[in-house]
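Asks: What follows is protein_9.pdb, made up of PDB, C-alpha atoms:
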```pdb
ATOM      1  CA  MET A 392     -21.623 -16.063  22.880  1.00  0.00           C
ATOM      2  CA  LEU A 393     -21.453 -12.259  22.702  1.00  0.00           C
ATOM      3  CA  ALA A 394     -25.240 -12.061  22.642  1.00  0.00           C
ATOM      4  CA  LYS A 395     -25.463 -14.452  25.613  1.00  0.00           C
ATOM      5  CA  ARG A 396     -23.139 -12.246  27.614  1.00  0.00           C
ATOM      6  CA  LYS A 397     -24.902  -9.099  26.332  1.00  0.00           C
ATOM      7  CA  MET A 398     -21.570  -7.732  25.257  1.00  0.00           C
ATOM      8  CA  LYS A 399     -20.757  -5.651  22.197  1.00  0.00           C
ATOM      9  CA  LEU A 400     -17.789  -6.322  19.925  1.00  0.00           C
ATOM     10  CA  LYS A 401     -16.225  -2.984  20.900  1.00  0.00           C
ATOM     11  CA  GLU A 402     -16.413  -3.864  24.593  1.00  0.00           C
ATOM     12  CA  LEU A 403     -14.835  -7.276  23.960  1.00  0.00           C
ATOM     13  CA  SER A 404     -12.139  -5.595  21.865  1.00  0.00           C
ATOM     14  CA  GLU A 405     -11.237  -3.253  24.719  1.00  0.00           C
ATOM     15  CA  LYS A 406     -11.162  -6.080  27.280  1.00  0.00           C
ATOM     16  CA  VAL A 407      -9.191  -8.521  25.126  1.00  0.00           C
ATOM     17  CA  GLY A 408      -6.868  -6.022  23.468  1.00  0.00           C
ATOM     18  CA  VAL A 409      -7.680  -7.094  19.920  1.00  0.00           C
ATOM     19  CA  SER A 410      -9.013  -4.563  17.403  1.00  0.00           C
ATOM     20  CA  VAL A 411     -12.680  -4.567  16.387  1.00  0.00           C
ATOM     21  CA  VAL A 412     -11.626  -5.248  12.786  1.00  0.00           C
ATOM     22  CA  ASN A 413      -9.699  -8.369  13.828  1.00  0.00           C
ATOM     23  CA  LEU A 414     -12.574  -9.602  15.986  1.00  0.00           C
ATOM     24  CA  SER A 415     -14.995  -9.052  13.092  1.00  0.00           C
ATOM     25  CA  ILE A 416     -12.728 -11.092  10.802  1.00  0.00           C
ATOM     26  CA  LEU A 417     -12.464 -13.774  13.504  1.00  0.00           C
ATOM     27  CA  LYS A 418     -16.257 -13.826  13.846  1.00  0.00           C
ATOM     28  CA  GLN A 419     -16.526 -14.510  10.127  1.00  0.00           C
ATOM     29  CA  GLY A 420     -13.961 -17.293  10.387  1.00  0.00           C
ATOM     30  CA  LYS A 421     -11.600 -15.626   7.911  1.00  0.00           C
ATOM     31  CA  VAL A 422      -8.494 -15.266  10.057  1.00  0.00           C
ATOM     32  CA  LYS A 423      -5.358 -17.191   9.142  1.00  0.00           C
ATOM     33  CA  ALA A 424      -4.636 -18.370  12.691  1.00  0.00           C
ATOM     34  CA  VAL A 425      -5.579 -17.629  16.304  1.00  0.00           C
ATOM     35  CA  ARG A 426      -2.936 -17.349  19.016  1.00  0.00           C
ATOM     36  CA  PHE A 427      -3.548 -19.344  22.196  1.00  0.00           C
ATOM     37  CA  SER A 428      -3.074 -16.126  24.151  1.00  0.00           C
ATOM     38  CA  THR A 429      -5.899 -14.451  22.184  1.00  0.00           C
ATOM     39  CA  LEU A 430      -8.158 -17.477  22.636  1.00  0.00           C
ATOM     40  CA  GLU A 431      -7.393 -17.527  26.347  1.00  0.00           C
ATOM     41  CA  ALA A 432      -8.173 -13.806  26.702  1.00  0.00           C
ATOM     42  CA  ILE A 433     -11.491 -14.175  24.843  1.00  0.00           C
ATOM     43  CA  CYS A 434     -12.490 -17.248  26.892  1.00  0.00           C
ATOM     44  CA  LYS A 435     -11.565 -15.474  30.112  1.00  0.00           C
ATOM     45  CA  THR A 436     -13.568 -12.355  29.183  1.00  0.00           C
ATOM     46  CA  LEU A 437     -16.616 -14.284  27.980  1.00  0.00           C
ATOM     47  CA  ASP A 438     -16.294 -16.921  30.717  1.00  0.00           C
ATOM     48  CA  CYS A 439     -16.505 -19.789  28.270  1.00  0.00           C
ATOM     49  CA  GLN A 440     -14.543 -22.674  26.789  1.00  0.00           C
ATOM     50  CA  PRO A 441     -12.720 -22.678  23.388  1.00  0.00           C
ATOM     51  CA  GLY A 442     -15.291 -25.223  22.192  1.00  0.00           C
ATOM     52  CA  ASP A 443     -18.030 -22.637  22.712  1.00  0.00           C
ATOM     53  CA  LEU A 444     -16.269 -20.377  20.220  1.00  0.00           C
ATOM     54  CA  LEU A 445     -14.870 -22.779  17.655  1.00  0.00           C
ATOM     55  CA  GLU A 446     -16.741 -25.093  15.350  1.00  0.00           C
ATOM     56  CA  TYR A 447     -15.432 -27.313  12.595  1.00  0.00           C
ATOM     57  CA  VAL A 448     -17.176 -26.788   9.267  1.00  0.00           C
ATOM     58  CA  GLU A 449     -16.027 -28.708   6.207  1.00  0.00           C
ATOM     59  CA  ALA A 450     -14.792 -26.381   3.493  1.00  0.00           C
ATOM     60  CA  SER A 451     -16.827 -26.381   0.296  1.00  0.00           C
ATOM     61  CA  ASP A 452     -14.561 -26.157  -2.812  1.00  0.00           C
TER      62      ASP A 452
ATOM     63  CA  MET B 143      -4.967 -13.818   0.483  1.00  0.00           C
ATOM     64  CA  LYS B 144      -4.647 -15.208  -2.994  1.00  0.00           C
ATOM     65  CA  TYR B 145      -2.126 -13.721  -5.394  1.00  0.00           C
ATOM     66  CA  ILE B 146      -3.721 -12.828  -8.734  1.00  0.00           C
ATOM     67  CA  LYS B 147      -1.178 -11.065 -10.898  1.00  0.00           C
ATOM     68  CA  HIS B 148       1.854  -8.875 -10.781  1.00  0.00           C
ATOM     69  CA  LYS B 149       2.951  -6.428 -13.425  1.00  0.00           C
ATOM     70  CA  PRO B 150       6.661  -5.679 -13.094  1.00  0.00           C
ATOM     71  CA  SER B 151       7.920  -2.208 -13.902  1.00  0.00           C
ATOM     72  CA  ALA B 152       9.459  -1.467 -17.292  1.00  0.00           C
ATOM     73  CA  ASN B 153      13.128  -2.063 -17.774  1.00  0.00           C
ATOM     74  CA  ASP B 154      14.559   0.732 -15.618  1.00  0.00           C
ATOM     75  CA  PHE B 155      17.937   0.764 -17.275  1.00  0.00           C
ATOM     76  CA  LEU B 156      16.477   1.105 -20.746  1.00  0.00           C
ATOM     77  CA  ILE B 157      14.488   4.145 -19.616  1.00  0.00           C
ATOM     78  CA  TRP B 158      17.585   5.680 -17.999  1.00  0.00           C
ATOM     79  CA  PHE B 159      19.517   5.118 -21.218  1.00  0.00           C
ATOM     80  CA  LEU B 160      16.816   6.815 -23.303  1.00  0.00           C
ATOM     81  CA  ILE B 161      16.767   9.821 -20.974  1.00  0.00           C
ATOM     82  CA  LEU B 162      20.543  10.068 -21.104  1.00  0.00           C
ATOM     83  CA  VAL B 163      20.387  10.021 -24.886  1.00  0.00           C
ATOM     84  CA  LEU B 164      17.739  12.758 -24.840  1.00  0.00           C
ATOM     85  CA  LEU B 165      19.594  14.948 -22.337  1.00  0.00           C
ATOM     86  CA  VAL B 166      23.096  14.572 -23.713  1.00  0.00           C
ATOM     87  CA  GLY B 167      22.840  13.165 -27.198  1.00  0.00           C
ATOM     88  CA  VAL B 168      20.270  15.513 -28.701  1.00  0.00           C
ATOM     89  CA  PRO B 169      21.951  18.823 -27.607  1.00  0.00           C
ATOM     90  CA  VAL B 170      25.366  17.539 -28.685  1.00  0.00           C
ATOM     91  CA  LEU B 171      24.137  16.335 -32.054  1.00  0.00           C
ATOM     92  CA  SER B 172      22.183  19.522 -32.684  1.00  0.00           C
ATOM     93  CA  GLY B 173      25.200  21.643 -31.756  1.00  0.00           C
ATOM     94  CA  TYR B 174      23.315  23.399 -28.956  1.00  0.00           C
ATOM     95  CA  TYR B 175      24.422  23.319 -25.351  1.00  0.00           C
ATOM     96  CA  PRO B 176      23.459  25.786 -22.596  1.00  0.00           C
ATOM     97  CA  ASP B 177      25.947  28.387 -21.464  1.00  0.00           C
ATOM     98  CA  ASN B 178      28.110  26.943 -18.677  1.00  0.00           C
ATOM     99  CA  GLU B 179      27.886  30.169 -16.653  1.00  0.00           C
ATOM    100  CA  VAL B 180      24.131  29.707 -16.289  1.00  0.00           C
ATOM    101  CA  LEU B 181      24.400  26.131 -15.019  1.00  0.00           C
ATOM    102  CA  GLY B 182      26.038  26.955 -11.743  1.00  0.00           C
ATOM    103  CA  LEU B 183      25.781  25.490  -8.273  1.00  0.00           C
ATOM    104  CA  PRO B 184      23.057  27.943  -7.143  1.00  0.00           C
ATOM    105  CA  LEU B 185      20.791  26.813  -9.936  1.00  0.00           C
ATOM    106  CA  ALA B 186      21.358  23.151  -9.065  1.00  0.00           C
ATOM    107  CA  VAL B 187      20.588  23.861  -5.389  1.00  0.00           C
ATOM    108  CA  LEU B 188      17.475  25.805  -6.368  1.00  0.00           C
ATOM    109  CA  ILE B 189      16.242  22.964  -8.574  1.00  0.00           C
ATOM    110  CA  LEU B 190      16.853  20.421  -5.803  1.00  0.00           C
ATOM    111  CA  LEU B 191      15.089  22.632  -3.265  1.00  0.00           C
ATOM    112  CA  GLY B 192      12.193  23.069  -5.668  1.00  0.00           C
ATOM    113  CA  PHE B 193      11.906  19.314  -6.112  1.00  0.00           C
ATOM    114  CA  PHE B 194      12.045  18.836  -2.345  1.00  0.00           C
ATOM    115  CA  LEU B 195       9.300  21.372  -1.604  1.00  0.00           C
ATOM    116  CA  PHE B 196       7.124  20.237  -4.506  1.00  0.00           C
ATOM    117  CA  ASN B 197       7.528  16.677  -3.277  1.00  0.00           C
ATOM    118  CA  LEU B 198       6.553  17.593   0.274  1.00  0.00           C
ATOM    119  CA  ILE B 199       3.491  19.601  -0.696  1.00  0.00           C
ATOM    120  CA  VAL B 200       2.072  17.757  -3.686  1.00  0.00           C
ATOM    121  CA  ARG B 201       2.933  14.097  -3.140  1.00  0.00           C
ATOM    122  CA  ARG B 202       0.337  13.511  -0.425  1.00  0.00           C
ATOM    123  CA  ASN B 203      -2.412  15.056  -2.518  1.00  0.00           C
ATOM    124  CA  PRO B 204      -4.739  12.277  -3.759  1.00  0.00           C
ATOM    125  CA  ASN B 205      -5.701  14.326  -6.831  1.00  0.00           C
ATOM    126  CA  PHE B 206      -2.399  13.351  -8.476  1.00  0.00           C
ATOM    127  CA  LYS B 207      -3.335   9.679  -8.510  1.00  0.00           C
ATOM    128  CA  GLY B 208      -4.423   9.700 -12.151  1.00  0.00           C
ATOM    129  CA  TYR B 209      -1.186  11.326 -13.293  1.00  0.00           C
ATOM    130  CA  LEU B 210       1.114   9.178 -11.165  1.00  0.00           C
ATOM    131  CA  THR B 211      -0.514   5.839 -11.894  1.00  0.00           C
ATOM    132  CA  SER B 212      -1.245   6.396 -15.576  1.00  0.00           C
ATOM    133  CA  LYS B 213       0.293   3.713 -17.784  1.00  0.00           C
ATOM    134  CA  TYR B 214       1.199   6.450 -20.280  1.00  0.00           C
ATOM    135  CA  ASN B 215       3.299   8.335 -17.727  1.00  0.00           C
ATOM    136  CA  ILE B 216       6.844   7.226 -18.515  1.00  0.00           C
ATOM    137  CA  LEU B 217       8.356   9.712 -16.051  1.00  0.00           C
ATOM    138  CA  THR B 218       7.386   7.616 -13.048  1.00  0.00           C
ATOM    139  CA  SER B 219       8.172   4.012 -12.205  1.00  0.00           C
ATOM    140  CA  LYS B 220       5.178   1.883 -11.250  1.00  0.00           C
ATOM    141  CA  ASN B 221       4.579  -1.617  -9.997  1.00  0.00           C
ATOM    142  CA  ARG B 222       1.123  -3.127  -9.900  1.00  0.00           C
ATOM    143  CA  SER B 223      -0.128  -6.207  -8.143  1.00  0.00           C
ATOM    144  CA  GLU B 224      -3.540  -7.772  -7.594  1.00  0.00           C
ATOM    145  CA  HIS B 225      -4.628  -9.970  -4.706  1.00  0.00           C
ATOM    146  CA  GLU B 226      -7.877 -11.647  -3.763  1.00  0.00           C
ATOM    147  CA  SER B 227      -9.402 -12.445  -0.394  1.00  0.00           C
ATOM    148  CA  ASP B 228     -12.504 -14.083   1.090  1.00  0.00           C
ATOM    149  CA  ILE B 229     -12.857 -11.259   3.591  1.00  0.00           C
ATOM    150  CA  PRO B 230     -15.744  -8.893   2.694  1.00  0.00           C
ATOM    151  CA  ILE B 231     -14.735  -5.659   0.982  1.00  0.00           C
ATOM    152  CA  ASP B 232     -15.661  -3.258   3.831  1.00  0.00           C
ATOM    153  CA  LEU B 233     -13.848  -5.367   6.395  1.00  0.00           C
ATOM    154  CA  MET B 234     -10.800  -5.734   4.152  1.00  0.00           C
ATOM    155  CA  PHE B 235     -10.717  -1.973   3.636  1.00  0.00           C
ATOM    156  CA  ASP B 236     -10.692  -1.439   7.417  1.00  0.00           C
ATOM    157  CA  LYS B 237      -8.097  -4.202   7.835  1.00  0.00           C
ATOM    158  CA  ILE B 238      -5.634  -2.702   5.341  1.00  0.00           C
ATOM    159  CA  LYS B 239      -6.235   0.781   6.763  1.00  0.00           C
ATOM    160  CA  GLU B 240      -5.398  -0.560  10.212  1.00  0.00           C
ATOM    161  CA  VAL B 241      -2.261  -2.305   8.888  1.00  0.00           C
ATOM    162  CA  LEU B 242      -1.113   0.902   7.169  1.00  0.00           C
ATOM    163  CA  GLU B 243      -1.635   2.914  10.363  1.00  0.00           C
ATOM    164  CA  GLN B 244       0.566   0.496  12.288  1.00  0.00           C
ATOM    165  CA  SER B 245       3.248   0.058   9.616  1.00  0.00           C
ATOM    166  CA  SER B 246       6.201   2.129   8.461  1.00  0.00           C
ATOM    167  CA  PHE B 247       4.023   3.489   5.648  1.00  0.00           C
ATOM    168  CA  LYS B 248       2.234   6.748   6.278  1.00  0.00           C
ATOM    169  CA  LEU B 249      -1.489   6.649   5.574  1.00  0.00           C
ATOM    170  CA  SER B 250      -2.255   9.855   3.676  1.00  0.00           C
ATOM    171  CA  TYR B 251      -5.752   9.358   2.339  1.00  0.00           C
ATOM    172  CA  ALA B 252      -8.653   6.999   2.942  1.00  0.00           C
ATOM    173  CA  ASP B 253     -12.081   7.115   1.336  1.00  0.00           C
ATOM    174  CA  LYS B 254     -14.353   4.240   2.288  1.00  0.00           C
ATOM    175  CA  SER B 255     -17.129   5.227  -0.109  1.00  0.00           C
ATOM    176  CA  LYS B 256     -14.737   5.149  -3.093  1.00  0.00           C
ATOM    177  CA  LYS B 257     -12.786   2.218  -1.577  1.00  0.00           C
ATOM    178  CA  GLU B 258      -9.489   4.021  -2.035  1.00  0.00           C
ATOM    179  CA  LEU B 259      -6.434   4.110   0.185  1.00  0.00           C
ATOM    180  CA  MET B 260      -3.210   5.988  -0.303  1.00  0.00           C
ATOM    181  CA  ALA B 261      -0.008   5.671   1.679  1.00  0.00           C
ATOM    182  CA  THR B 262       3.413   7.217   1.297  1.00  0.00           C
ATOM    183  CA  THR B 263       6.935   6.215   2.191  1.00  0.00           C
ATOM    184  CA  GLY B 264       9.680   8.460   3.430  1.00  0.00           C
ATOM    185  CA  MET B 265      12.510   9.901   1.372  1.00  0.00           C
ATOM    186  CA  SER B 266      15.837   8.157   1.183  1.00  0.00           C
ATOM    187  CA  TRP B 267      19.164   8.534  -0.640  1.00  0.00           C
ATOM    188  CA  THR B 268      17.817   6.589  -3.594  1.00  0.00           C
ATOM    189  CA  SER B 269      14.254   7.883  -3.695  1.00  0.00           C
ATOM    190  CA  TRP B 270      12.111  10.961  -3.214  1.00  0.00           C
ATOM    191  CA  GLY B 271       9.587   8.591  -1.660  1.00  0.00           C
ATOM    192  CA  GLU B 272       6.877   6.462  -3.215  1.00  0.00           C
ATOM    193  CA  ASN B 273       3.097   6.558  -3.161  1.00  0.00           C
ATOM    194  CA  ILE B 274       1.113   3.372  -2.688  1.00  0.00           C
ATOM    195  CA  TYR B 275      -2.450   3.320  -3.980  1.00  0.00           C
ATOM    196  CA  ILE B 276      -4.878   0.557  -3.046  1.00  0.00           C
ATOM    197  CA  ASN B 277      -8.253   0.106  -4.697  1.00  0.00           C
ATOM    198  CA  PHE B 278     -10.864  -2.495  -3.871  1.00  0.00           C
ATOM    199  CA  ASP B 279     -13.588  -4.158  -5.854  1.00  0.00           C
ATOM    200  CA  THR B 280     -15.643  -7.323  -5.695  1.00  0.00           C
ATOM    201  CA  VAL B 281     -15.196 -10.047  -8.305  1.00  0.00           C
ATOM    202  CA  GLU B 282     -17.381 -13.162  -8.094  1.00  0.00           C
ATOM    203  CA  GLY B 283     -18.103 -12.568  -4.419  1.00  0.00           C
ATOM    204  CA  LYS B 284     -14.460 -12.141  -3.498  1.00  0.00           C
ATOM    205  CA  THR B 285     -12.631  -8.967  -2.592  1.00  0.00           C
ATOM    206  CA  ARG B 286      -9.980  -7.992  -5.097  1.00  0.00           C
ATOM    207  CA  MET B 287      -7.290  -5.530  -4.086  1.00  0.00           C
ATOM    208  CA  HIS B 288      -5.310  -3.550  -6.645  1.00  0.00           C
ATOM    209  CA  PHE B 289      -1.974  -2.324  -5.342  1.00  0.00           C
ATOM    210  CA  CYS B 290       0.113   0.246  -7.186  1.00  0.00           C
ATOM    211  CA  SER B 291       3.399   1.602  -5.901  1.00  0.00           C
ATOM    212  CA  THR B 292       4.741   4.574  -7.831  1.00  0.00           C
ATOM    213  CA  THR B 293       7.618   7.006  -7.645  1.00  0.00           C
ATOM    214  CA  PHE B 294       7.017  10.734  -7.924  1.00  0.00           C
ATOM    215  CA  PHE B 295       9.816  12.107 -10.097  1.00  0.00           C
ATOM    216  CA  GLN B 296      11.963   9.101 -10.806  1.00  0.00           C
ATOM    217  CA  VAL B 297      11.915   6.772 -13.770  1.00  0.00           C
ATOM    218  CA  THR B 298      13.368   4.050 -11.573  1.00  0.00           C
ATOM    219  CA  SER B 299      12.611   3.170  -7.969  1.00  0.00           C
ATOM    220  CA  TRP B 300      15.741   1.028  -7.525  1.00  0.00           C
ATOM    221  CA  GLY B 301      13.528  -1.882  -6.489  1.00  0.00           C
ATOM    222  CA  ARG B 302      11.672   0.055  -3.820  1.00  0.00           C
ATOM    223  CA  ASN B 303       8.277  -0.290  -5.551  1.00  0.00           C
ATOM    224  CA  ASP B 304       8.634  -4.070  -5.467  1.00  0.00           C
ATOM    225  CA  ARG B 305       9.720  -4.043  -1.834  1.00  0.00           C
ATOM    226  CA  ASN B 306       6.840  -1.729  -0.850  1.00  0.00           C
ATOM    227  CA  ILE B 307       4.174  -4.031  -2.253  1.00  0.00           C
ATOM    228  CA  GLU B 308       5.843  -7.223  -0.995  1.00  0.00           C
ATOM    229  CA  GLY B 309       6.307  -5.682   2.470  1.00  0.00           C
ATOM    230  CA  LEU B 310       2.716  -4.496   2.670  1.00  0.00           C
ATOM    231  CA  ILE B 311       1.307  -7.852   1.544  1.00  0.00           C
ATOM    232  CA  GLN B 312       3.463  -9.599   4.132  1.00  0.00           C
ATOM    233  CA  GLU B 313       2.257  -7.245   6.867  1.00  0.00           C
ATOM    234  CA  ILE B 314      -1.381  -7.862   5.874  1.00  0.00           C
ATOM    235  CA  GLU B 315      -0.820 -11.639   5.914  1.00  0.00           C
ATOM    236  CA  GLU B 316       0.856 -11.464   9.319  1.00  0.00           C
ATOM    237  CA  SER B 317      -1.945  -9.320  10.723  1.00  0.00           C
ATOM    238  CA  LEU B 318      -4.435 -12.078   9.880  1.00  0.00           C
ATOM    239  CA  THR B 319      -2.961 -14.112  12.720  1.00  0.00           C
ATOM    240  CA  ILE B 320      -4.653 -12.630  15.728  1.00  0.00           C
TER     241      ILE B 320
END
```
Starting from the file, lay out its structure as structure tokens.
Replies:
Amino acid sequence: MLAKRKMKLKELSEKVGVSVVNLSILKQGKVKAVRFSTLEAICKTLDCQPGDLLEYVEASD
Amino acid sequence: MKYIKHKPSANDFLIWFLILVLLVGVPVLSGYYPDNEVLGLPLAVLILLGFFLFNLIVRRNPNFKGYLTSKYNILTSKNRSEHESDIPIDLMFDKIKEVLEQSSFKLSYADKSKKELMATTGMSWTSWGENIYINFDTVEGKTRMHFCSTTFFQVTSWGRNDRNIEGLIQEIEESLTI
């Protein structure tokens, strides 16, 4: 989505108010939880839907 | 983050007892005791001031890590804990650095190439302050973090080492909700 919008992680971080480190961890899917307010801010900035950002992948144990 | 292991500090009271025996018992048994006139209030104030200044200047120096965290150093109280995470090592390093910068701990030293972090706590009535050392390595594709909280002069931390590590881990966990 970032590539589609031609936006860098740093730019998104400044617009959303979430640190680059946290966004990098989110990108890797390693965060514990995402607040609705954060999701809303990202969707608003990237002009997309939550479904464009989230994908269910079955965990491999 | 997955908890790996925790090494509690040695029995603080036993160490205090041994020091008391050394300081009081040995001079009394040997019949030697310093002249009372020498051990006056000025000397006590000077010693305390010396400790205070030494603490301020030296404690934040990362070169003392080996001495302070050595398992053979019985003059300091240490608590160690290991945790594991799926987050890549470089990202985890940045994450913990960020958490330390925003917490009540004071980040004193960070070296990304050596994967070493050092933070300090402030002085209180029960402590001269503690140093927290964090090292990172990768074990079977996972990032392993080694936490060590140590006192500077004290043989007991009065539980502060435990609280430091627990508090930091909790702050890291909380910061993973974005």
Asks: Counting all atoms listed in the file, which residues from chain A have an atom at most 10 Å from any atom of chain B, and could you show them as a PyMOL selection string?
Replies: chain A and resi 409-417+419-430
Asks: Quick one: residues within 12 Å of Ser266 in chain B, only C-alpha atoms, excluding same-chain residues fewer than 4 positions away - as a ChimeraX atom specification?
Replies: /B:194,270-272,299-300,302
Asks: I'd like the contact shell of range 432-441 of chain A - 8 Å cut-off, all atoms listed in the file, skipping same-chain residues fewer than 5 positions apart - returned as a list in words.
Replies: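 Residues meeting the cut-off are Met392, Leu393, Arg396, Leu403, Lys406 and Val407 of chain A.
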Asks: As an exercise, work out the distance from CA of Leu210 in chain B to CA of Ala261 in chain B in Å and give it to one decimal place.
Replies: 13.4 Å
Asks: State, in Å with one decimal place, the distance from CA of Ser223 in chain B to CA of Phe289 in chain B.
Replies: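 A separation of 5.1 Å between them.
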Asks: Evaluate the PyMOL selection byres ((chain B and resi 290) around 6) and record the selected residues as a list of chain:residue names, following the chain and residue labels used in the document.
Replies: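 Going through the file, the PyMOL selection byres ((chain B and resi 290) around 6) ends up selecting B:Asn221, B:Arg222, B:Ile274, B:Tyr275, B:Phe289, B:Ser291.
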Asks: Pick the closest to Lys418 in chain A from A:Glu449, A:Leu444, A:Glu402, A:Glu431: which is it, counting all atoms listed in the file?
Replies: A:Leu444
Asks: Restricting the calculation to all atoms listed in the file: of B:Val281, B:Val200, B:Leu217, B:Met287, which residue gets closest to Ser250 in chain B?
Replies: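 Between B:Val281, B:Val200, B:Leu217, B:Met287, the residue approaching Ser250 in chain B most closely is B:Val200.
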Asks: I'd like to see the residues matched by the PyMOL selection byres ((chain B and resi 258) around 9) on this file, and ideally I'd get them as a tab-separated table (two decimals) with C-alpha atoms, in the coordinates of the input.
Replies:
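The new file expr-v1.tsv reads:
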```tsv
chain	number	residue	atom	x	y	z
B	235	PHE	CA	-10.72	-1.97	3.64
B	251	TYR	CA	-5.75	9.36	2.34
B	252	ALA	CA	-8.65	7.00	2.94
B	253	ASP	CA	-12.08	7.12	1.34
B	254	LYS	CA	-14.35	4.24	2.29
B	255	SER	CA	-17.13	5.23	-0.11
B	256	LYS	CA	-14.74	5.15	-3.09
B	257	LYS	CA	-12.79	2.22	-1.58
B	259	LEU	CA	-6.43	4.11	0.18
B	260	MET	CA	-3.21	5.99	-0.30
B	275	TYR	CA	-2.45	3.32	-3.98
B	276	ILE	CA	-4.88	0.56	-3.05
B	277	ASN	CA	-8.25	0.11	-4.70
B	278	PHE	CA	-10.86	-2.50	-3.87
```
Asks: For the atom pair CA of Glu308 in chain B and CA of Thr285 in chain B, what is the interatomic distance in Å to one decimal place?
Replies: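 Separating CA of Glu308 in chain B from CA of Thr285 in chain B is a distance of 18.6 Å.
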Asks: Is there a way to complete range 404-417 of chain A with N, CA, C and O atoms and then write that out as a compact mmCIF listing (two decimals), in the coordinates of the input?
Replies:
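Result saved to out_27.txt:
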```
# COMPACT_ATOMS: atom_id res chain seq x y z
N SER A 404 -13.41 -6.05 22.44
CA SER A 404 -12.14 -5.60 21.86
C SER A 404 -11.30 -4.86 22.91
O SER A 404 -10.10 -5.09 23.02
N GLU A 405 -11.95 -4.01 23.67
CA GLU A 405 -11.24 -3.25 24.72
C GLU A 405 -10.72 -4.18 25.82
O GLU A 405 -9.62 -4.01 26.32
N LYS A 406 -11.55 -5.17 26.18
CA LYS A 406 -11.16 -6.08 27.28
C LYS A 406 -10.08 -7.07 26.86
O LYS A 406 -9.23 -7.44 27.67
N VAL A 407 -10.13 -7.49 25.60
CA VAL A 407 -9.19 -8.52 25.13
C VAL A 407 -7.91 -7.90 24.55
O VAL A 407 -6.86 -8.53 24.56
N GLY A 408 -8.03 -6.68 24.07
CA GLY A 408 -6.87 -6.02 23.47
C GLY A 408 -6.65 -6.42 22.02
O GLY A 408 -5.53 -6.40 21.53
N VAL A 409 -7.74 -6.77 21.36
CA VAL A 409 -7.68 -7.09 19.92
C VAL A 409 -8.62 -6.11 19.22
O VAL A 409 -9.70 -5.82 19.74
N SER A 410 -8.20 -5.59 18.07
CA SER A 410 -9.01 -4.56 17.40
C SER A 410 -10.37 -5.10 16.97
O SER A 410 -10.53 -6.32 16.74
N VAL A 411 -11.32 -4.19 16.81
CA VAL A 411 -12.68 -4.57 16.39
C VAL A 411 -12.63 -5.23 15.01
O VAL A 411 -13.34 -6.20 14.75
N VAL A 412 -11.76 -4.70 14.15
CA VAL A 412 -11.63 -5.25 12.79
C VAL A 412 -11.20 -6.72 12.87
O VAL A 412 -11.79 -7.59 12.22
N ASN A 413 -10.19 -6.99 13.70
CA ASN A 413 -9.70 -8.37 13.83
C ASN A 413 -10.77 -9.29 14.42
O ASN A 413 -10.91 -10.43 13.99
N LEU A 414 -11.51 -8.78 15.39
CA LEU A 414 -12.57 -9.60 15.99
C LEU A 414 -13.69 -9.88 14.97
O LEU A 414 -14.25 -10.97 14.95
N SER A 415 -13.96 -8.86 14.13
CA SER A 415 -15.00 -9.05 13.09
C SER A 415 -14.55 -10.13 12.10
O SER A 415 -15.35 -10.96 11.68
N ILE A 416 -13.26 -10.08 11.74
CA ILE A 416 -12.73 -11.09 10.80
C ILE A 416 -12.75 -12.47 11.47
O ILE A 416 -13.09 -13.47 10.85
N LEU A 417 -12.43 -12.50 12.75
CA LEU A 417 -12.46 -13.77 13.50
C LEU A 417 -13.89 -14.33 13.56
O LEU A 417 -14.12 -15.52 13.37
```
